[in-house]
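One file, my_file24.txt, is given below (compact mmCIF, C-alpha atoms).
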# COMPACT_ATOMS: atom_id res chain seq x y z
CA LEU A 1 51.22 -6.16 24.76
CA ILE A 2 50.74 -2.79 23.02
CA SER A 3 47.18 -3.72 22.16
CA SER A 4 46.46 -4.56 25.81
CA ARG A 5 47.91 -1.25 26.99
CA VAL A 6 45.83 0.72 24.45
CA GLY A 7 42.72 -1.12 25.56
CA LEU A 8 43.48 -0.34 29.20
CA ILE A 9 44.02 3.35 28.41
CA HIS A 10 40.70 3.51 26.54
CA MET A 11 38.92 1.90 29.48
CA ILE A 12 40.46 4.40 31.95
CA VAL A 13 39.50 7.34 29.73
CA ALA A 14 35.92 6.07 29.43
CA LEU A 15 35.60 5.62 33.20
CA THR A 16 37.05 9.08 33.83
CA ARG A 17 34.55 10.68 31.47
CA GLN A 18 31.66 8.81 33.07
CA LEU A 19 32.72 9.93 36.55
CA SER A 20 33.14 13.53 35.40
CA ARG A 21 29.71 13.85 33.84
CA SER A 22 27.81 12.01 36.53
CA LEU A 23 29.05 14.13 39.45
CA HIS A 24 27.58 11.58 41.85
CA ARG A 25 24.19 11.53 40.07
CA PRO A 26 22.42 8.41 38.83
CA PRO A 27 22.88 7.60 35.13
CA ALA A 28 20.29 9.05 32.79
CA ALA A 29 19.34 9.02 29.14
CA PRO A 30 21.96 10.56 26.83
CA ILE A 31 21.35 14.05 25.54
CA ARG A 32 20.72 12.78 22.01
CA THR A 33 17.76 10.75 23.27
CA ILE A 34 16.31 13.77 25.04
CA PHE A 35 16.39 15.93 21.95
CA THR A 36 14.97 13.22 19.76
CA MET A 37 12.02 13.21 22.18
CA MET A 38 11.70 16.96 21.62
CA GLY A 39 11.28 16.36 17.92
CA GLN A 40 14.88 16.90 16.95
CA SER A 41 17.16 14.89 14.76
CA ALA A 42 20.41 13.48 16.03
CA SER A 43 22.13 16.70 14.88
CA HIS A 44 20.24 18.51 17.69
CA HIS A 45 18.46 21.05 15.48
CA HIS A 46 15.89 22.51 17.82
CA ALA A 47 12.22 22.34 16.89
CA PHE A 48 10.91 25.74 18.04
CA LEU A 49 8.01 25.40 20.46
CA GLU A 50 5.22 27.89 19.86
CA PRO A 51 3.20 29.10 22.88
CA THR A 52 0.02 27.16 23.62
CA THR A 53 -1.53 28.69 26.72
CA ALA A 54 -4.05 31.52 26.45
CA THR A 55 -1.85 33.69 28.65
CA ALA A 56 1.32 33.20 26.61
CA ILE A 57 -0.47 33.56 23.26
CA ALA A 58 -2.08 36.83 24.38
CA ALA A 59 1.30 38.13 25.60
CA MET A 60 2.93 37.20 22.28
CA GLU A 61 0.25 39.02 20.30
CA LYS A 62 0.51 42.07 22.55
CA ARG A 63 4.29 42.39 22.22
CA LYS A 64 4.00 42.09 18.43
CA SER A 65 1.28 44.73 18.12
CA SER A 66 2.66 47.04 20.80
CA PRO A 67 6.34 46.34 21.54
CA PRO A 68 7.35 47.23 25.12
CA ALA A 69 9.77 50.09 25.69
CA SER A 70 11.96 48.00 27.98
CA LYS A 71 14.85 46.26 26.24
CA GLU A 72 15.67 43.80 29.00
CA GLU A 73 13.77 41.69 31.51
CA VAL A 74 14.86 38.93 33.90
CA ALA A 75 13.30 35.55 34.60
CA THR A 76 14.48 33.14 37.28
CA VAL A 77 13.23 29.57 37.29
CA ALA A 78 14.14 26.18 38.75
CA THR A 79 13.27 23.00 36.88
CA GLY A 80 15.69 20.46 38.32
CA CYS A 81 19.34 20.04 37.37
CA PHE A 82 20.26 23.41 35.90
CA TRP A 83 22.39 22.11 33.02
CA GLY A 84 19.38 20.97 30.97
CA PRO A 85 17.16 24.08 31.13
CA ASP A 86 20.16 26.32 30.47
CA TYR A 87 20.88 24.36 27.30
CA LEU A 88 17.24 24.22 26.21
CA VAL A 89 16.52 27.93 26.62
CA ARG A 90 19.55 28.78 24.48
CA ARG A 91 18.22 26.55 21.70
CA GLN A 92 14.71 27.96 21.97
CA PHE A 93 15.36 31.69 22.28
CA GLY A 94 18.99 32.15 21.20
CA ASP A 95 20.24 33.31 17.79
CA GLY A 96 18.33 36.58 17.89
CA ARG A 97 15.01 35.20 19.17
CA GLY A 98 15.09 37.21 22.38
CA LEU A 99 17.59 35.59 24.75
CA ILE A 100 20.28 37.98 25.95
CA SER A 101 22.00 35.70 28.46
CA SER A 102 21.47 32.57 30.52
CA ARG A 103 23.37 31.82 33.71
CA VAL A 104 22.97 29.00 36.19
CA GLY A 105 23.15 29.37 39.94
CA TYR A 106 21.51 28.90 43.31
CA THR A 107 18.61 30.72 44.95
CA GLY A 108 15.82 30.30 47.49
CA GLY A 109 18.08 29.06 50.27
CA LYS A 110 19.16 30.08 53.74
CA SER A 111 22.96 30.35 53.58
CA ALA A 112 25.23 32.82 51.81
CA SER A 113 27.50 31.96 48.88
CA PRO A 114 26.77 28.21 48.72
CA THR A 115 28.91 25.89 46.65
CA TYR A 116 27.67 23.27 44.22
CA ARG A 117 28.53 20.47 46.64
CA GLN A 118 26.66 22.17 49.46
CA VAL A 119 23.55 22.75 47.35
CA CYS A 120 23.63 19.16 46.07
CA SER A 121 23.55 17.92 49.67
CA GLY A 122 20.14 19.55 50.13
CA ALA A 123 21.26 21.15 53.38
CA THR A 124 21.28 24.80 52.23
CA GLY A 125 17.68 24.99 51.00
CA HIS A 126 18.73 26.43 47.65
CA ALA A 127 17.40 25.29 44.30
CA GLU A 128 19.53 24.83 41.22
CA ALA A 129 18.12 27.54 38.97
CA VAL A 130 18.50 29.44 35.71
CA ASN A 131 18.57 33.21 35.50
CA VAL A 132 17.82 34.50 32.02
CA LYS A 133 17.88 38.01 30.62
CA PHE A 134 15.76 38.55 27.55
CA ASP A 135 14.39 41.19 25.18
CA PRO A 136 10.64 41.49 25.93
CA SER A 137 9.98 42.85 22.44
CA LYS A 138 11.06 39.46 21.03
CA VAL A 139 9.81 37.09 23.72
CA SER A 140 7.42 37.88 26.55
CA TYR A 141 7.79 36.76 30.14
CA ALA A 142 4.68 34.60 29.69
CA GLU A 143 6.22 32.81 26.70
CA MET A 144 9.44 32.27 28.64
CA VAL A 145 7.60 30.82 31.64
CA GLU A 146 5.47 28.52 29.50
CA PHE A 147 8.59 27.20 27.77
CA PHE A 148 10.25 26.28 31.06
CA MET A 149 7.01 24.76 32.34
CA ARG A 150 6.54 22.55 29.32
CA THR A 151 10.12 21.23 29.33
CA HIS A 152 10.07 19.60 32.78
CA ASP A 153 7.62 17.62 34.90
CA ALA A 154 5.98 20.47 36.82
CA ALA A 155 3.70 18.01 38.61
CA ASP A 156 6.61 16.33 40.40
CA ALA A 157 6.97 17.83 43.89
CA GLY A 158 10.03 15.78 44.84
CA GLY A 159 12.54 16.72 42.16
CA GLN A 160 13.04 15.83 38.51
CA GLY A 161 13.77 12.40 37.06
CA ASN A 162 16.52 10.69 39.03
CA ASP A 163 17.42 13.94 40.80
CA ARG A 164 15.49 13.94 44.06
CA GLY A 165 15.33 16.56 46.78
CA THR A 166 14.33 20.19 47.28
CA GLN A 167 17.47 21.35 45.48
CA TYR A 168 15.84 20.02 42.28
CA ARG A 169 12.38 21.45 42.96
CA SER A 170 10.19 23.18 40.41
CA ALA A 171 9.92 26.89 41.15
CA ILE A 172 9.37 30.29 39.57
CA PHE A 173 11.11 33.13 41.39
CA THR A 174 9.23 36.29 40.49
CA HIS A 175 10.85 39.73 40.40
CA ASN A 176 7.68 41.84 40.62
CA ASP A 177 3.91 41.62 41.02
CA GLU A 178 3.32 41.48 37.28
CA GLN A 179 5.54 38.41 36.95
CA LYS A 180 3.69 36.72 39.81
CA HIS A 181 0.34 37.42 38.15
CA THR A 182 1.64 36.00 34.85
CA ALA A 183 3.12 32.90 36.48
CA ASP A 184 -0.13 32.23 38.35
CA ALA A 185 -2.09 32.60 35.09
CA ILE A 186 0.20 30.18 33.23
CA VAL A 187 -0.18 27.56 35.97
CA LYS A 188 -3.95 27.99 35.89
CA ASP A 189 -3.96 27.52 32.09
CA LEU A 190 -1.86 24.36 32.37
CA GLU A 191 -4.01 22.80 35.08
CA GLU A 192 -7.21 23.54 33.16
CA ALA A 193 -5.67 21.95 30.05
CA LYS A 194 -4.58 18.90 32.12
CA ARG A 195 -1.09 19.13 30.63
CA TYR A 196 0.38 16.80 33.24
CA GLY A 197 -2.20 14.07 33.01
CA GLY A 198 -4.62 15.90 35.28
CA LYS A 199 -2.11 16.17 38.11
CA LYS A 200 -1.85 19.38 40.08
CA VAL A 201 1.12 21.60 39.23
CA ALA A 202 3.67 21.45 42.05
CA THR A 203 5.69 24.48 40.93
CA GLN A 204 6.34 26.97 43.71
CA ILE A 205 5.76 30.62 42.80
CA VAL A 206 7.74 32.74 45.25
CA PRO A 207 9.46 36.15 45.32
CA ALA A 208 13.00 36.12 44.00
CA SER A 209 15.66 36.15 46.70
CA GLU A 210 19.44 36.44 46.68
CA TRP A 211 21.00 34.94 43.54
CA TYR A 212 24.34 33.15 43.73
CA GLU A 213 25.95 32.37 40.39
CA ALA A 214 27.27 28.83 40.09
CA GLU A 215 30.91 28.00 39.58
CA ALA A 216 32.44 28.58 36.13
CA ASN A 217 32.51 24.89 35.20
CA HIS A 218 28.70 24.75 35.42
CA GLN A 219 28.09 27.61 32.99
CA ASP A 220 27.25 26.54 29.40
CA TYR A 221 27.83 23.01 30.68
CA LEU A 222 26.14 20.97 27.95
CA ASP A 223 27.54 23.18 25.20
CA LEU A 224 31.04 22.48 26.52
CA ASN A 225 30.29 18.85 27.45
CA PRO A 226 27.97 17.43 24.74
CA ASP A 227 28.01 13.98 26.34
CA GLY A 228 27.32 15.38 29.80
CA TYR A 229 24.45 14.46 32.10
CA HIS A 230 21.00 15.56 30.95
CA CYS A 231 18.06 14.81 33.23
CA PRO A 232 15.52 12.68 31.32
CA ALA A 233 12.69 14.82 32.73
CA HIS A 234 13.87 17.74 30.58
CA ARG A 235 11.91 17.25 27.38
CA ALA A 236 8.88 18.70 25.64
CA TYR A 237 5.72 17.44 27.39
CA TRP A 238 3.41 18.73 24.64

What is this file in structure tokens?
Amino acid sequence: LISSRVGLIHMIVALTRQLSRSLHRPPAAPIRTIFTMMGQSASHHHAFLEPTTATAIAAMEKRKSSPPASKEEVATVATGCFWGPDYLVRRQFGDGRGLISSRVGYTGGKSASPTYRQVCSGATGHAEAVNVKFDPSKVSYAEMVEFFMRTHDAADAGGQGNDRGTQYRSAIFTHNDEQKHTADAIVKDLEEAKRYGGKKVATQIVPASEWYEAEANHQDYLDLNPDGYHCPAHRAYW
């Protein structure tokens, strides 16, 4: 009898965890699989991705030879479910490699102060996005953009992986003309290199609009929930 009760409790706990991490999304590959695809071991040690595009390489060399005076810059991007890119950018540029902060939220929509549930419905027009602050003397905007571009399927116009809809669109929200020029140049480099199998990049490049930070339980989500949902489209494509 005790054994049966313990088994029932374990089953209930497992189902509760599954429901919590899915949040009404289709099941996807576990996070360990994703990071193995990125060249990591099961311990999740991140394999640093060096820039490959001419634009990002030139920006890296420039910041090293002539460090910018500014100590902080902002980048806002959307690459599907925001939990994955938030986790990935921390592993790539954290620990003194230029990342100051990473926050997830909603932008590019038509209503004020949307909630997670509202954005997930697709009715508000917002995209799930990541807003990162970084030290441009340690990582350039071009390097940051290339990293986000190479860790999702930028040729998919309908969403990412199992997450479909405009709320999971690929987008770069630029904060000034220089960022727009850089983003355009990165996309051009990627298309010329046929990084997505020759497909045209579907990433929208648009001016940044009002930013709405997501609820507290979505911040640092995969750090706090290691077994949480990770979209299978979030991996290194080259």

Measuring atom to atom with all atoms listed in the file, identify which of A:Met60, A:Val77, A:Leu224, A:Ala69 is nearest to Arg169 (chain A).
-> A:Val77

For His126 (chain A), which of A:Pro114, A:Gly197, A:Gly80, A:Gly108 is the closest residue, counting only C-alpha atoms?
-> A:Gly108

Long-range neighbours of region 206-221 of chain A as a PyMOL selection string, 8 Å cut-off, all atoms listed in the file, 5 positions minimum in chain = chain A and resi 76+83+86-87+103-108+113-116+171-176+180+228

Tell me, as a compact mmCIF listing (two decimals) with C-alpha atoms, in the coordinates of the input, which residues lie within 7 Å of Lys133 (chain A), counting only C-alpha atoms; anything in the same chain fewer than 2 positions away does not count.
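The resulting file, result09.txt, is shown below:
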# COMPACT_ATOMS: atom_id res chain seq x y z
CA GLU A 72 15.67 43.80 29.00
CA GLU A 73 13.77 41.69 31.51
CA VAL A 74 14.86 38.93 33.90
CA ALA A 75 13.30 35.55 34.60
CA LEU A 99 17.59 35.59 24.75
CA ILE A 100 20.28 37.98 25.95
CA SER A 101 22.00 35.70 28.46
CA SER A 102 21.47 32.57 30.52
CA ASN A 131 18.57 33.21 35.50

Which neighbours of Gly159 (chain A) fall inside 8 Å, counting all atoms listed in the file, when residues of the same chain fewer than 5 positions from it are skipped, and could you give them as a VMD selection string?
-> chain A and resid 80 164 to 170

Show which residues sit within 12 Å of Glu143 (chain A), as a ChimeraX atom specification. Count only C-alpha atoms, and ignore same-chain residues fewer than 4 positions away.
-> /A:49-63,75,89,92-93,97-99,134-139,147-150,179,182-183,185-186

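The spacing separating CA of Met144 (chain A) from CA of Gly109 (chain A) amounts to 23.5 Å.
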
With a distance cut-off of 10 Å and only C-alpha atoms, select the neighbouring residues of Gly84 (chain A), excluding the residue or stretch itself and same-chain residues fewer than 3 positions from it, and output the selection as a list in words.
->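 My reading of the contact set: Ile31, Ile34, Thr79, Gly80, Cys81, Tyr87, Leu88, Val89, Val130, Thr151, His152, Asp220, Tyr221, Leu222, Gly228, Tyr229, His230, Cys231, Pro232, Ala233, His234 and Arg235 of chain A.
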
Keeping only C-alpha atoms, write the selected residues to a file as a tab-separated table (two decimals), in the coordinates of the input.
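Writing done, so here's again-v9.tsv:
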chain	number	residue	atom	x	y	z
A	31	ILE	CA	21.35	14.05	25.54
A	34	ILE	CA	16.31	13.77	25.04
A	79	THR	CA	13.27	23.00	36.88
A	80	GLY	CA	15.69	20.46	38.32
A	81	CYS	CA	19.34	20.04	37.37
A	87	TYR	CA	20.88	24.36	27.30
A	88	LEU	CA	17.24	24.22	26.21
A	89	VAL	CA	16.52	27.93	26.62
A	130	VAL	CA	18.50	29.44	35.71
A	151	THR	CA	10.12	21.23	29.33
A	152	HIS	CA	10.07	19.60	32.78
A	220	ASP	CA	27.25	26.54	29.40
A	221	TYR	CA	27.83	23.01	30.68
A	222	LEU	CA	26.14	20.97	27.95
A	228	GLY	CA	27.32	15.38	29.80
A	229	TYR	CA	24.45	14.46	32.10
A	230	HIS	CA	21.00	15.56	30.95
A	231	CYS	CA	18.06	14.81	33.23
A	232	PRO	CA	15.52	12.68	31.32
A	233	ALA	CA	12.69	14.82	32.73
A	234	HIS	CA	13.87	17.74	30.58
A	235	ARG	CA	11.91	17.25	27.38
